[in-house]
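Taking it in order: structure first as structure tokens, then the write-up.
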Amino acid sequence: MRAEISIKNTKSKFLDKVEELSEQNIYACYQCGKCSAGCPSISEMDISPSEIIRLVQLGGEEEVLNSKTIWVCASCFTCVTRCPKGVDVAKIMEALRQITLRKNVDYVNPLSIPRETLSQVPQIALVSALRKFSG
Amino acid sequence: MNRIGVFVCHCGLNIAQTVDVEKLANIISDYPGVVYATNYIYMCSDPGQDMIKEIVKEKKLNGVVVACCSPTMHETTFRNTVASVGLNPYRCEIANIREQCSWVHKDKKIATEKAVEIVKATIEKLKLDKSLIPLSVPITKRALVIGGGIAGIQASLDIADSGYEVVLVERNQSIGGHMLQLSETFPTLDCPQCIATPKMVQVGQHPKIKLLAYSEVEEVSGYVGNFKVKIRRKASFVDWNKCTGCGLCVEKCPVRVPSEFNELLVKRKAIYTLFPQAVPNKPVIDSNNCLYLTKGKCRACEKNCLAKAIDFNQKDTFVEEDVGAIVVATGYDLMDKAEIGEYGAGKYKDVINGLQMERLLCPSGPTEGIPHRPSDGKIPKEIVFIQCVGSRDPEHYYPYCSKVCCMYVVKQAMLYKNVVPDGQAYVFYMDIRCDGKGYEEFLQKGMEENKILYLRGRVSKLFKDGDKIKVWGADTLTGRKIEISADMVVLAMAVVPSKGVKELARKLRITADDYGFLTEAHPKLRPVESLTAGYFLAGAAQGPKDIPDVVAQASGAASKVDSLFSQDVLYHEPIIASVDEEVCVGCGNCVDVCAYDAIELDLRTKKAKVNSAVCEGCGACCAACPSGAMQHNNFSKRQIFEMVDAFVR
């Protein structure tokens, strides 16, 4: 059973935020599915690109931000060049990633890593983990 | 003494590939009565026709058989060919050896044998064919238009502008129809009050148009070119000749009843006009609600009328009009929302239909274009539109698409957003069918600029939740159930034919489909004509359609009327039924089976009589006649027997 959508969410700040960051009109998407049809990374995604946009239209913030899809997107622009309505899907994906990143959540806490593991981790990996996954 | 010529066509390879045309012509040339037989590659071509003409003259033929394609293709061609050299056209027969022989067979030997049989039988028929002369019937060059909506208005103006008189009958007290109720019209958003009223005024002022408002067609008799129409002029209880249209009577009337023009959203008086720009702009008294006419007291209107125009003694009167053609433009209604149980069965005040929303959004409507909801007058912040209510539902209501809803819902949602910018409009749809010029662009504008949220799915049910209407729907694009607490819900109800059209169709002897939409003679090639000669169709009476289509169809119907009227006499095919009065016993079977009402039973002489101008030559009466008195010209029983005989010999 998939989540019920209470339509109150559609008027949320989330949709406005996505539109502001991506500079795209989310309502311009008429759900033809061409982006999903041509996406080279779709096999690795849990939600298809067109459904991500539909969920944004419907205000499904949690589902979208928790999806693997927005991180799997490689910004290859296949969808962007093919979209009949000129919606820049890659920019929308980037906006969604930005919303997550700007929450400044620490995904990596160096103190919680066991000393034993820490001694084996390559230094460069540790540095980039701290740069990318901590606030 | 028969001098028959037989002309066998190859039709390229269509016939010649399967039928040995050479052999066919050779065999037939020896058949009794045949003086000449030949074959040619394309008989319908100019050289082919010239050859027929030459030989008719040279061999002094008195009958021609062309063995070729179906008579529906080239019968007229070859009849004209022989007529041009002085032979009676009805002495030319077609033997169909293409559709009924070469196209359906593979074996050349058998197909050739069959072709020989077909040609022989046709020769036998031809031997008994009479030389016939087309009937000529005079035409009354006046048209009747039934219905004064935009279809009737356009048809009337077009016919009248061509110089023919028009009688326009409208059952309401003003012309204009549903178009005048609309807020604005898609996709250009011009208001009907601006674009339709000039046409209404033109109708009112046109010297060739006789406008009979507040009238209904009572009876129609006659046939194409010569109809007699009896029209009931309903009692308005106001002498329109005296009435100045000042409106004082309306002001003084104490009665308040729901206004039909405003879709029952507000009240009107018992004496009322439809709207300020009405044509004619004269009031009528609603006899069911008038205090004087129901309870015998009041007469406030009469006391206040300075022109002394109120006449409570007025009765329905009848007028008779002679016309040559009838345009039926009776329009549509919306299905009653009370029929849909799951959407509140019409109980909830804030669940309204499309036309009610039009009135709420209309700048000259009861709420001056601001959609205050009916229950408490609040302006809805969340509004839900539901498309296909009753349409595309073959199980419960109507299987057809109502055609206009997709577009008017976009328009209404747009207009709503224009007056309530912080409101949200949702549309539940199954498919969006915006197929006209500029329509798709209009829809995209609604989505992109007005942020109308389209949800693909039907709504399962509506129910009251405090002062809100709960909407249970689904979004099939994500597969999720959707729940919306709406302030108001608009149902795009199915478009149905206007009330009473089935009875009218019976009076007019024209056909309607299962739902009451009038049937056209051919869905593609004769879309504005009825099967019954002399009747033309315009507008939503024939099927749901939007204003551009209605206007185009009305002009089409008008031009058909014009071309009918451009002739001085009507020629009628003489291949029709006739009665042998010596044999007729007056059983009346023929009268019952005639679909065109062309046969009458003379009660005094007990003999059937065919009205030759109305008879379409279908042959049903000849088949039904037990005594053989009813015979079809050039399709007599004897001819049929001779043909069968030729086959079995």
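By order of appearance in the structure tokens: chains A, B, ..., then residues from 1 within every chain, and ligands from 1 in the order shown.
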
Would you write out, as JSON lines, a table of all residues in chain B that have an atom no more than 8 Å from an atom of chain A, listing for each the closest atom pair and the distance in Å to one decimal, considering only C-alpha atoms and ordering rows by chain and rising residue number?
{"residue": "B:Gln444", "atom": "CA", "partner": "A:Ala28", "partner_atom": "CA", "distance": 7.4}
{"residue": "B:Met447", "atom": "CA", "partner": "A:Tyr27", "partner_atom": "CA", "distance": 5.9}
{"residue": "B:Glu448", "atom": "CA", "partner": "A:Ala28", "partner_atom": "CA", "distance": 5.0}
{"residue": "B:Lys451", "atom": "CA", "partner": "A:Tyr27", "partner_atom": "CA", "distance": 6.2}
{"residue": "B:Leu453", "atom": "CA", "partner": "A:Tyr27", "partner_atom": "CA", "distance": 7.6}
{"residue": "B:Leu477", "atom": "CA", "partner": "A:Glu51", "partner_atom": "CA", "distance": 7.6}
{"residue": "B:Thr478", "atom": "CA", "partner": "A:Glu51", "partner_atom": "CA", "distance": 6.6}
{"residue": "B:Gly479", "atom": "CA", "partner": "A:Arg2", "partner_atom": "CA", "distance": 7.8}
{"residue": "B:Arg480", "atom": "CA", "partner": "A:Glu4", "partner_atom": "CA", "distance": 5.9}
{"residue": "B:Lys481", "atom": "CA", "partner": "A:Glu4", "partner_atom": "CA", "distance": 5.3}
{"residue": "B:Ile482", "atom": "CA", "partner": "A:Ile5", "partner_atom": "CA", "distance": 5.2}
{"residue": "B:Glu483", "atom": "CA", "partner": "A:Ser6", "partner_atom": "CA", "distance": 5.3}
{"residue": "B:Ile484", "atom": "CA", "partner": "A:Ile7", "partner_atom": "CA", "distance": 5.5}

(Q) For B:Ile510, find every residue with an atom within 10 Å (counting only C-alpha atoms), except residues of its own chain fewer than 6 positions away, and show them as an MDAnalysis selection string. (A) chainID B and resid 328 502 504 518:520 530:533 535:536 595:596

Q. Of the candidates B:Ala300, B:Ile575, B:Leu603, B:Met73, which shows the shortest atom-to-atom distance to B:Phe635, using only C-alpha atoms?
A. B:Ile575

Q. As a ChimeraX atom specification, which residues of stretch 24-102 of chain A does DSSP assign to alpha helix (DSSP H)?
A. /A:34-38,49-58,61-65,69-72,78-82,89-101

Q | Nearby residues (only C-alpha atoms) at most 10 Å from stretch 17-23 of chain A, same-chain spacing under 4 positions excluded, as a count of residues only | A | 16

Q.
From a backbone DSSP assignment, name each residue in stretch 427-518 of chain B labelled strand (DSSP E), as a PyMOL selection string.
A. chain B and resi 427-429+453-456+461-465+468-475+480-486+488-493+495-497

(Q) Report, in Å with one decimal, the straight-line distance from atom CA of B:Tyr272 to atom CA of B:Pro254. (A)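 Computing it gives 11.7 Å between the two atoms.
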
(Q) When you look at stretch 290-299 of chain B with a cut-off of 9 Å (counting only C-alpha atoms), what residues show up, excluding the ones that are within fewer than 3 positions of it in the same chain? I need them as number ranges by chain. (A) B: 253-255, 269-271, 285-287, 302-304, 312

Q. In Å to one decimal, how far is atom CA of B:Val614 from atom CA of B:Val64?
A. 29.0 Å

Q | Near-stretch 154-169 of chain B list (7 Å; only C-alpha atoms; drop same-chain fewer than 3 positions) as a ChimeraX atom specification | A | /B:141-148,150-151,203,208-213,215-216,551,554-555,557-558,562

**Q.** Contacts of stretch 105-114 of chain A within 9 Å, only C-alpha atoms, excl. fewer than 2 positions in-chain, as a VMD selection string
**A.** chain A and resid 100 to 103 116 to 119 126 129 to 130 132 to 135

Mind writing the picked residues with N, CA, C and O atoms as a PDB file, in the first residue's frame?
ATOM      1  N   THR A 100      18.566  18.850   0.146  1.00  0.00           N
ATOM      2  CA  THR A 100      19.075  17.913   1.150  1.00  0.00           C
ATOM      3  C   THR A 100      20.399  18.412   1.729  1.00  0.00           C
ATOM      4  O   THR A 100      20.582  18.455   2.950  1.00  0.00           O
ATOM      5  N   LEU A 101      21.300  18.816   0.846  1.00  0.00           N
ATOM      6  CA  LEU A 101      22.626  19.227   1.310  1.00  0.00           C
ATOM      7  C   LEU A 101      22.560  20.460   2.212  1.00  0.00           C
ATOM      8  O   LEU A 101      23.283  20.560   3.201  1.00  0.00           O
ATOM      9  N   ARG A 102      21.647  21.365   1.859  1.00  0.00           N
ATOM     10  CA  ARG A 102      21.583  22.609   2.624  1.00  0.00           C
ATOM     11  C   ARG A 102      20.959  22.431   4.005  1.00  0.00           C
ATOM     12  O   ARG A 102      20.886  23.373   4.778  1.00  0.00           O
ATOM     13  N   LYS A 103      20.475  21.228   4.259  1.00  0.00           N
ATOM     14  CA  LYS A 103      19.961  20.978   5.609  1.00  0.00           C
ATOM     15  C   LYS A 103      21.105  20.790   6.606  1.00  0.00           C
ATOM     16  O   LYS A 103      20.887  20.712   7.806  1.00  0.00           O
ATOM     17  N   GLU A 116      39.805   1.443  15.446  1.00  0.00           N
ATOM     18  CA  GLU A 116      40.405   0.385  14.619  1.00  0.00           C
ATOM     19  C   GLU A 116      40.160   0.656  13.124  1.00  0.00           C
ATOM     20  O   GLU A 116      41.062   0.625  12.309  1.00  0.00           O
ATOM     21  N   THR A 117      38.873   0.953  12.799  1.00  0.00           N
ATOM     22  CA  THR A 117      38.501   1.244  11.417  1.00  0.00           C
ATOM     23  C   THR A 117      39.238   2.472  10.928  1.00  0.00           C
ATOM     24  O   THR A 117      39.772   2.515   9.814  1.00  0.00           O
ATOM     25  N   LEU A 118      39.246   3.443  11.802  1.00  0.00           N
ATOM     26  CA  LEU A 118      39.841   4.738  11.454  1.00  0.00           C
ATOM     27  C   LEU A 118      41.291   4.567  11.010  1.00  0.00           C
ATOM     28  O   LEU A 118      41.745   5.216  10.058  1.00  0.00           O
ATOM     29  N   SER A 119      41.967   3.667  11.678  1.00  0.00           N
ATOM     30  CA  SER A 119      43.384   3.488  11.351  1.00  0.00           C
ATOM     31  C   SER A 119      43.565   2.874   9.961  1.00  0.00           C
ATOM     32  O   SER A 119      44.607   3.028   9.346  1.00  0.00           O
ATOM     33  N   LEU A 126      38.575   9.746   3.999  1.00  0.00           N
ATOM     34  CA  LEU A 126      38.079  10.379   5.215  1.00  0.00           C
ATOM     35  C   LEU A 126      37.839  11.872   4.988  1.00  0.00           C
ATOM     36  O   LEU A 126      36.787  12.427   5.351  1.00  0.00           O
ATOM     37  N   ALA A 129      34.848  12.377   2.712  1.00  0.00           N
ATOM     38  CA  ALA A 129      33.611  12.057   3.434  1.00  0.00           C
ATOM     39  C   ALA A 129      33.221  13.214   4.334  1.00  0.00           C
ATOM     40  O   ALA A 129      32.051  13.590   4.420  1.00  0.00           O
ATOM     41  N   LEU A 130      34.209  13.783   4.995  1.00  0.00           N
ATOM     42  CA  LEU A 130      33.908  14.909   5.872  1.00  0.00           C
ATOM     43  C   LEU A 130      33.434  16.126   5.061  1.00  0.00           C
ATOM     44  O   LEU A 130      32.534  16.844   5.451  1.00  0.00           O
ATOM     45  N   LYS A 132      31.943  16.082   2.026  1.00  0.00           N
ATOM     46  CA  LYS A 132      30.663  15.875   1.355  1.00  0.00           C
ATOM     47  C   LYS A 132      29.514  15.586   2.307  1.00  0.00           C
ATOM     48  O   LYS A 132      28.381  16.001   2.069  1.00  0.00           O
ATOM     49  N   PHE A 133      29.784  14.848   3.338  1.00  0.00           N
ATOM     50  CA  PHE A 133      28.684  14.339   4.158  1.00  0.00           C
ATOM     51  C   PHE A 133      28.612  14.907   5.563  1.00  0.00           C
ATOM     52  O   PHE A 133      28.017  14.317   6.446  1.00  0.00           O
ATOM     53  N   SER A 134      29.234  16.025   5.757  1.00  0.00           N
ATOM     54  CA  SER A 134      29.003  16.653   7.059  1.00  0.00           C
ATOM     55  C   SER A 134      28.653  18.124   6.829  1.00  0.00           C
ATOM     56  O   SER A 134      29.032  18.711   5.822  1.00  0.00           O
ATOM     57  N   GLY A 135      27.923  18.682   7.796  1.00  0.00           N
ATOM     58  CA  GLY A 135      27.359  20.012   7.573  1.00  0.00           C
ATOM     59  C   GLY A 135      28.307  21.157   7.845  1.00  0.00           C
ATOM     60  O   GLY A 135      29.436  21.116   8.177  1.00  0.00           O
TER      61      GLY A 135
END

Q) Residues at most 9 Å from B:Val56, counting only C-alpha atoms, excluding those fewer than 5 positions away in the same chain, as an MDAnalysis selection string? A) chainID B and resid 4:5 51 61:64 82 85 87

Atoms to include: C-alpha atoms. Write the selected residues as a PDB file, in the first residue's frame.
ATOM      1  CA  ILE B   4     -29.899  -3.889 -76.562  1.00  0.00           C
ATOM      2  CA  GLY B   5     -26.210  -3.004 -76.421  1.00  0.00           C
ATOM      3  CA  MET B  51     -18.045   4.736 -77.742  1.00  0.00           C
ATOM      4  CA  LEU B  61     -30.225   0.915 -79.493  1.00  0.00           C
ATOM      5  CA  ASN B  62     -33.261   1.155 -77.220  1.00  0.00           C
ATOM      6  CA  GLY B  63     -31.529  -0.243 -74.135  1.00  0.00           C
ATOM      7  CA  VAL B  64     -28.018  -0.327 -72.701  1.00  0.00           C
ATOM      8  CA  VAL B  82     -27.218   7.567 -72.901  1.00  0.00           C
ATOM      9  CA  VAL B  85     -27.899  10.827 -77.272  1.00  0.00           C
ATOM     10  CA  LEU B  87     -32.162   7.414 -74.974  1.00  0.00           C
TER      11      LEU B  87
END

Q. For B:Tyr397, which of B:Lys108, B:Ile469, B:Asp514, B:Leu415 is the closest residue, counting only C-alpha atoms?
A.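 Residue with the minimum atom-to-atom distance to B:Tyr397: B:Asp514.
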
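For the pair atom CA of B:Arg232 and atom CA of B:Lys507, the interatomic distance is 13.7 Å.
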
(Q) Here is a test: counting only C-alpha atoms, which residue of B:Met179, B:Val585, B:Cys434, B:Ile576 is nearest to B:Asn634? (A) B:Ile576
